[in-house]
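Student: I am attaching a structure below and will ask some questions about it afterwards.
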Amino acid sequence: MSQDYFDAVIGHETIKARLRHLIAEERLPHAMIFAGPEGLGKALMARAVAETLSGRPLLADFAHLSCDADTPFIEDGGTVFYLDVIGTMLRVDQFRQLQEKLMLRASGSRVCIINHVETMNKEFANRMLKTLEEPPSYVIFILATTEAHKIPITILSRCQRYDFHRISIDT
């Protein structure tokens with residue numbers, strides 16, 4: 001039996017079931033927003049999706065990585081890209097570099113996880129919108145946010161939204 005990477009996520013059974021179903025049916029949307037308060041497992045759920053699609057555990061422990069000014073994103077084996085927007089002064093050429101890497105055809109899906117997407121500047125939002133409007137069929141975007149209301153409606157309207165809520169103490 002293959003490993004279920006979603007087992008690492010505690011709670012959020014409805015979201016896990018929905019994502020498992022969409023992956024099994026090969027109907028995962030090209031863009032998703034995981035929204036909710038800090039510390040509820042949004043990045044962990046995004047990681048579980050990426051690991052399930054790649055069929056292997058990710059090399060990087062995204063929770064302990066930080067991006068430097070020259071490399072605003074972290075690449076894991078060429079199939080998963082992670083970008084933490086908070087505290088990053090993203091330049092146009094850096095985002096273009098990420099787009100180019102994402103667009104290179106690879107076997108299987110490529111996943112781009114963007115954390116703290118609510119802190120993106122207008123230039124980043126415009127580039128993100130353009131990418132979401134014309135996504136390659138093999139690229140999946142997962143945007144994680146604690147404040148969905150700060151994301152432009154033009155981006156929100158192109159993503160399937162999953163709202164994370166606090167889990168019970170028993171869970």
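By convention here, the chains of the structure tokens are called A, B, ... in the order presented, each chain's residues are numbered starting at 1, and ligands are numbered starting at 1 in the order presented.
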Can you list, as a count of residues only, all residues belonging to region 84-140 of chain A that DSSP tags as helix (DSSP H, G or I)?
Tutor: 27
Student: Excluding Thr52 (chain A) and any residue of its chain fewer than 6 positions from it, enumerate the residues within 10 Å of it, using only C-alpha atoms, and give them as a VMD selection string.
Tutor: chain A and resid 2 to 6 20 23 to 24 46 58
Student: Could those selected residues go to a file with N, CA, C and O atoms, as an mmCIF file, in the first residue's frame?
Tutor:
```cif
data_model
loop_
_atom_site.group_PDB
_atom_site.id
_atom_site.type_symbol
_atom_site.label_atom_id
_atom_site.label_comp_id
_atom_site.auth_asym_id
_atom_site.auth_seq_id
_atom_site.Cartn_x
_atom_site.Cartn_y
_atom_site.Cartn_z
ATOM 1 N N SER A 2 0.512 2.227 -0.813
ATOM 2 C CA SER A 2 1.317 3.440 -0.879
ATOM 3 C C SER A 2 1.088 4.304 0.360
ATOM 4 O O SER A 2 0.064 4.212 1.017
ATOM 5 N N GLN A 3 2.065 5.146 0.616
ATOM 6 C CA GLN A 3 2.003 6.010 1.794
ATOM 7 C C GLN A 3 0.946 7.095 1.597
ATOM 8 O O GLN A 3 0.789 7.629 0.511
ATOM 9 N N ASP A 4 0.214 7.388 2.670
ATOM 10 C CA ASP A 4 -0.768 8.464 2.628
ATOM 11 C C ASP A 4 -0.147 9.678 3.320
ATOM 12 O O ASP A 4 -0.058 9.739 4.536
ATOM 13 N N TYR A 5 0.298 10.627 2.517
ATOM 14 C CA TYR A 5 0.979 11.811 3.051
ATOM 15 C C TYR A 5 0.032 12.715 3.831
ATOM 16 O O TYR A 5 0.468 13.548 4.604
ATOM 17 N N PHE A 6 -1.264 12.536 3.655
ATOM 18 C CA PHE A 6 -2.236 13.343 4.384
ATOM 19 C C PHE A 6 -2.331 12.937 5.853
ATOM 20 O O PHE A 6 -2.902 13.662 6.654
ATOM 21 N N ARG A 20 -8.025 14.285 -1.509
ATOM 22 C CA ARG A 20 -7.726 12.895 -1.907
ATOM 23 C C ARG A 20 -8.578 12.489 -3.107
ATOM 24 O O ARG A 20 -8.093 11.872 -4.053
ATOM 25 N N ILE A 23 -7.476 14.271 -6.317
ATOM 26 C CA ILE A 23 -6.219 13.701 -6.818
ATOM 27 C C ILE A 23 -6.481 12.340 -7.465
ATOM 28 O O ILE A 23 -5.989 12.060 -8.563
ATOM 29 N N ALA A 24 -7.263 11.508 -6.802
ATOM 30 C CA ALA A 24 -7.570 10.174 -7.337
ATOM 31 C C ALA A 24 -8.291 10.262 -8.680
ATOM 32 O O ALA A 24 -8.049 9.456 -9.578
ATOM 33 N N ALA A 46 -0.640 21.640 2.117
ATOM 34 C CA ALA A 46 -0.055 21.903 0.798
ATOM 35 C C ALA A 46 1.091 20.926 0.535
ATOM 36 O O ALA A 46 1.220 20.379 -0.568
ATOM 37 N N LEU A 58 8.978 15.100 0.405
ATOM 38 C CA LEU A 58 9.779 16.226 -0.060
ATOM 39 C C LEU A 58 11.121 16.248 0.644
ATOM 40 O O LEU A 58 11.240 15.860 1.808
#
```
Student: Which residues come within 7 Å of region 142-153 of chain A, counting only C-alpha atoms, excluding same-chain residues fewer than 5 positions away, as a VMD selection string?
Tutor: chain A and resid 31 to 38 42 to 43 46 112 to 118
Student: Emit the selected residues as a short mmCIF file (atom, residue, chain, number, x, y, z; two decimals), in the first residue's frame, including C-alpha atoms.
Tutor:
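What follows is the written file result16.cif:
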```
data_model
loop_
_atom_site.label_atom_id
_atom_site.label_comp_id
_atom_site.auth_asym_id
_atom_site.auth_seq_id
_atom_site.Cartn_x
_atom_site.Cartn_y
_atom_site.Cartn_z
CA ALA A 31 -5.03 26.86 -8.31
CA MET A 32 -6.17 26.56 -4.71
CA ILE A 33 -6.22 28.90 -1.72
CA PHE A 34 -5.79 27.48 1.75
CA ALA A 35 -7.12 30.17 4.09
CA GLY A 36 -7.34 30.36 7.86
CA PRO A 37 -5.62 31.46 11.05
CA GLU A 38 -1.94 30.81 11.65
CA LYS A 42 -2.31 25.00 5.72
CA ALA A 43 1.34 24.61 4.69
CA ALA A 46 -0.05 21.90 0.80
CA CYS A 112 4.12 25.78 -6.57
CA ILE A 113 3.33 26.53 -2.92
CA ILE A 114 3.20 30.23 -2.09
CA ASN A 115 2.90 30.99 1.61
CA HIS A 116 1.73 34.30 3.11
CA VAL A 117 0.33 35.32 -0.27
CA GLU A 118 -1.63 38.12 1.41
#
```
Student: So what do you get for CA of Pro29 (chain A) versus CA of Pro57 (chain A), distance-wise?
Tutor: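 Pair CA of Pro29 (chain A) / CA of Pro57 (chain A) returns 21.6 Å.
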Student: Hey, which of A:Pro135, A:Arg110, A:Ile10, A:Ser157 ends up closest to Gly41 (chain A)? Count only C-alpha atoms.
Tutor: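 Checking each candidate against Gly41 (chain A), we get A:Ile10 as the closest.
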